[in-house]
Structures are given as C-alpha cells and as structure tokens.
Amino acid sequence: MKSGSMRIKEISLRQDPDLRKELALLARGCDFVLPSRFKKRLKAFQQIQAQPKKEEPLTPALSQNIPKFYFPKGCPKDNVNIDCIISKIEKTFSLFPNERATLDDMGKVAKACECPLYWKSPLFYAAGGDRSGFVSVHKFVAIWRKILQTCHDDTAKFMQLLAKPGCTYLEREDFVPFLQDVVNTHPHLTFLREASEFHSRYITTVIQRIFYTVNRSWSGRITCAELRKSNFLQHVALLEEEDINQSTDYFSYEHFYVIYCKFWELDTDHDLYIDEQDLSKHSDHGMRVCFSTSMNARYIMNI
Ligand SMILES: [Ca+2]
C-alpha cells in the first residue's frame with residue numbers, strides 16, 4: 001500500500017506544471033536552481049522514501065478467514081454423536097457379569113464402538129484389561145470418550161490405542177499383543193494356534209512386513225502420517241471378512257510359510273539368524289564372491 005501511495009506522489013510531482021521544468025533540471029543535477037517550494041516538497045518525498053518499509057501486521061479479520069488445514073489427529077466431523085455411541089457401549093457392557101468385559105467379550109465392545117472386529121485387543125489393553133483380566137464399563141467409557149473427543153479418524157484412534165503412553169509413534173513391540181490376538185482368534189489360523197513355537201515367528205514376520213510397507217522413513221517408528229498414507233488399517237478391517245491369505249501385504253499365512261521356509265533353508269545352522277557363514281554354503285558356495293561387498297546386505301533384505 002505504501003509503495004503504491006509513493007508512486008502516486010511521484011507521478012503527481014512529475015505532472016505538476018509549475019515544477020516540471022525544475023524537475024528536468026534536477027535530473028541533470030542542477031538542484032541549485034530549484035525554487036524553495038519544490039525543494040520542500042522533494043525533501044518530504046525523499047523522507048518518505050528513506051523510511052524503512054514496515055511489515056503490516058496480519059489483521060485478525062484476515063487470519064480468521066484462513067481455514068484450518070492441518071489436522072494431525074484427523075479432521076473433526078460435525079455429525080458424531082458421542083453420547084449416542086457411549087450409550088450403545090454401556091448397553092453392551094450391561095450384558096456382561098458385573099458390567100465387566102473380558103478379552104473374549106471385546107469383539108462385541110469393538111462393534112459397539114463402531115470399530116473393526118480385530119481392534120478388540122487394542123481396546124482391551126488400552127483400557128488396562130491386561131492387568132486385571134477384565135475392563136469395567138466406567139474405565140472403558142472414560143477412555144473411549146476421551147479418544148472420541150481428541151481423535152477424529154480411525155488412524156488417530158488406532159495410534160492412540162496401540163502407542164505407549166505419551167508416544168506419537170508405533171514401534172515393533174507395540175504390535176505384538178494385537179497380532180497375538182489375531183493368532184489366537186482368527187478362524188483361518190487354527191492350525192497355527194496348535195503350533196505355539198511358530199506364533200512368534202508368524203508375528204515377527206508380519207511386523208517386519210508392516211514396517212517394510214508402512215514405515216517409509218525406515219526410522220523404526222511408524223508415525224500417524226505414515227499409517228494414514230498406508231493401506232494397513234484397511235487390511236485390519238478386512239481380517240473379519242476375507243480369507244487371511246487375501247491379505248498379501250501383511251497377514252497372509254501362505255506368504256509367511258514361503259518366507260519362513262526360504263529363511264529356514266538359508267539359515268543352515270538354524271540359529272534363526274542368516275549370516276555370512278549361512279550364505280557361504282548356499283548355492284554350492286556360489287555366493288561367496290559377494291560377501292566382501294555391500295551386496296551382502298542386499299541379499300539378506302531380498303529374501
Ligand atoms: Ca544361522
């Protein structure tokens with residue numbers, strides 16, 4: 001605005017019929033011929049030019065016009081009736097003895113919360129169910145009400161349930177209770193349930209696949225933004241509807257079987273680590289030439 005007004009003053013100065021001649025002389029450096037009236041006006045003009053430009057503060061009215069566009073915990077929705085959801089949850093808890101839910105009951109609670117079925121164990125553990133073996137209606141309602149008030153999409157809610165207190169990211173061990181519950185209760189994993197020594201191997205494989213796909217920064221910590229950009233929660237939701245082998249990105253038992261068999265084949269001493277010694281025996285010692293190069297790491301990663 002100020003540069004605009006100065007420009008207008010300059011134009012008016014040039015167009016002043018009484019001063020045009022003096023202005024031409026000024027341009028040639030003959031300021032001593034200028035009349036005092038022109039000098040006075042020129043001095044005032046130069047003073048305006050010399051003043052440093054001040055940053056005009058953003059008026060409150062203007063800042064209020066910029067809509068909020070950053071929602072780290074999801075964009076709040078107008079049509080969420082928290083009291084209605086809480087009432088539904090209380091009604092579900094009233095079906096359980098002493099209004100306490102065990103882990104086996106949490107499927108019904110997850111549905112009352114309008115969550116996918118396999119959110120049941122994260123809901124249970126987030127409400128402290130692992131300490132007492134059950135969750136009381138009061139404890140659960142207090143926690144879920146707070147989550148509904150602060151987390152406005154599924155990603156933010158799931159992150160809040162799984163992350164350690166005060167953490168804004170997920171680490172590998174945060175997924176273990178959730179995946180152990182999938183192993184314990186998914187109808188397509190009954191044969192795996194009978195082989196308890198393979199539980200941790202399946203869980204470890206799924207966790208590695210989750211981090212390989214979701215943790216695009218390779219930091220070892222999945223952020224809310226990374227989880228939101230991924231298809232992981234869609235796969236969790238589909239666990240209750242489809243054959244688990246359809247989840248070819250994460251949960252497929254068939255994929256786990258192929259990965260584990262290849263690992264077992266390469267891990268010749270079966271200590272559950274693949275090292276140079278294991279790979280040196282692979283393919284009639286054909287890979288020995290690679291060990292002194294960075295290819296070693298690449299072979300391990302591509303298994
Ligand atoms: Ca080994």
# chains A, B, ... in the order shown; residues from 1 in each chain; ligands from 1
$ residues_near_ligand --ligand "ligand 1" --cutoff "12 Å" --atoms "only C-alpha atoms and all ligand atoms" --output "list in words"
Phe263, Trp264, Glu265, Leu266, Asp267, Thr268, Asp269, His270, Asp271, Leu272, Tyr273, Ile274, Asp275, Glu276, Gln277, Asp278, Leu279, Ser280, Lys281, His282 and Ile300 of chain A
$ closest_atom_pairs --of "segment 128-185 of chain A" --to "segment 191-195 of chain A" --cutoff "12 Å" --atoms "only C-alpha atoms" --output "CSV"
residue,atom,partner,partner_atom,distance
A:Gln180,CA,A:Arg193,CA,9.9
A:Asp181,CA,A:Arg193,CA,10.5
A:Val182,CA,A:Arg193,CA,10.0
A:Val183,CA,A:Arg193,CA,6.4
A:Asn184,CA,A:Arg193,CA,6.2
A:Thr185,CA,A:Arg193,CA,8.5
$ closest_residue --among "A:Ile207, A:Pro177, A:Cys113, A:Glu254" --to "Phe232 of chain A" --atoms "only C-alpha atoms"
A:Ile207
$ closest_residue --among "A:Arg209, A:Lys73, A:Arg131, A:His186" --to "Ile147 of chain A" --atoms "only C-alpha atoms"
A:Lys73
$ residues_around --residues "segment 91-98 of chain A" --least-positions-apart "4" --cutoff "12 Å" --atoms "only C-alpha atoms" --output "CSV table (one decimal) with N, CA and C atoms, in the first residue's frame"
chain,number,residue,atom,x,y,z
A,84,CYS,N,-24.4,-40.8,22.1
A,84,CYS,CA,-25.2,-41.9,21.5
A,84,CYS,C,-24.3,-43.2,21.4
A,85,ILE,N,-23.0,-43.0,21.0
A,85,ILE,CA,-22.0,-44.1,21.0
A,85,ILE,C,-21.8,-44.6,22.4
A,86,ILE,N,-21.6,-43.7,23.3
A,86,ILE,CA,-21.3,-44.1,24.7
A,86,ILE,C,-22.5,-44.9,25.3
A,87,SER,N,-23.7,-44.5,24.9
A,87,SER,CA,-24.9,-45.2,25.4
A,87,SER,C,-25.0,-46.6,24.8
A,102,THR,N,-14.3,-59.3,29.4
A,102,THR,CA,-13.0,-60.0,29.3
A,102,THR,C,-12.6,-59.8,27.9
A,103,LEU,N,-11.4,-60.3,27.6
A,103,LEU,CA,-10.9,-60.2,26.2
A,103,LEU,C,-11.8,-60.9,25.2
A,104,ASP,N,-12.4,-62.0,25.6
A,104,ASP,CA,-13.3,-62.7,24.7
A,104,ASP,C,-14.6,-61.9,24.4
A,105,ASP,N,-14.9,-61.0,25.3
A,105,ASP,CA,-16.1,-60.1,25.1
A,105,ASP,C,-15.9,-58.9,24.3
A,106,MET,N,-14.6,-58.6,24.0
A,106,MET,CA,-14.3,-57.3,23.4
A,106,MET,C,-14.7,-57.2,22.0
A,107,GLY,N,-15.0,-58.3,21.3
A,107,GLY,CA,-15.5,-58.2,19.9
A,107,GLY,C,-16.8,-57.4,19.9
A,108,LYS,N,-17.7,-57.7,20.9
A,108,LYS,CA,-19.0,-57.0,20.9
A,108,LYS,C,-18.7,-55.5,21.3
A,109,VAL,N,-17.8,-55.3,22.2
A,109,VAL,CA,-17.5,-53.9,22.5
A,109,VAL,C,-16.9,-53.1,21.3
A,110,ALA,N,-16.0,-53.8,20.6
A,110,ALA,CA,-15.4,-53.2,19.4
A,110,ALA,C,-16.6,-52.8,18.4
A,111,LYS,N,-17.5,-53.6,18.2
A,111,LYS,CA,-18.6,-53.3,17.3
A,111,LYS,C,-19.5,-52.2,17.9
A,112,ALA,N,-19.7,-52.1,19.2
A,112,ALA,CA,-20.4,-51.0,19.8
A,112,ALA,C,-19.7,-49.7,19.6
A,113,CYS,N,-18.4,-49.8,19.6
A,113,CYS,CA,-17.5,-48.6,19.3
A,113,CYS,C,-17.5,-48.2,17.8
A,134,PHE,N,-9.9,-58.0,33.0
A,134,PHE,CA,-11.2,-57.5,32.6
A,134,PHE,C,-11.2,-56.0,32.5
A,135,VAL,N,-12.2,-55.4,31.8
A,135,VAL,CA,-12.3,-54.0,31.7
A,135,VAL,C,-13.7,-53.6,32.3
A,136,SER,N,-13.7,-52.6,33.2
A,136,SER,CA,-15.0,-52.2,33.7
A,136,SER,C,-15.6,-51.2,32.8
A,137,VAL,N,-16.9,-51.1,32.8
A,137,VAL,CA,-17.6,-50.2,31.9
A,137,VAL,C,-17.2,-48.7,32.2
A,138,HIS,N,-17.0,-48.4,33.5
A,138,HIS,CA,-16.6,-47.0,33.8
A,138,HIS,C,-15.3,-46.6,33.2
A,139,LYS,N,-14.3,-47.5,33.4
A,139,LYS,CA,-12.9,-47.3,32.9
A,139,LYS,C,-13.0,-47.2,31.3
A,140,PHE,N,-13.7,-48.1,30.7
A,140,PHE,CA,-13.7,-48.2,29.3
A,140,PHE,C,-14.4,-46.9,28.7
A,141,VAL,N,-15.5,-46.5,29.3
A,141,VAL,CA,-16.2,-45.4,28.7
A,141,VAL,C,-15.4,-44.1,28.9
$ select_by_dssp --residues "segment 20-213 of chain A" --states "alpha helix (DSSP H)" --output "VMD selection string"
chain A and resid 20 to 27 36 to 50 60 to 64 82 to 93 106 to 112 120 to 126 129 to 132 137 to 150 154 to 162 176 to 185 190 to 193 199 to 213
$ residues_around --residues "Ala237 of chain A" --least-positions-apart "6" --cutoff "10 Å" --atoms "only C-alpha atoms" --output "ChimeraX atom specification"
/A:115-119
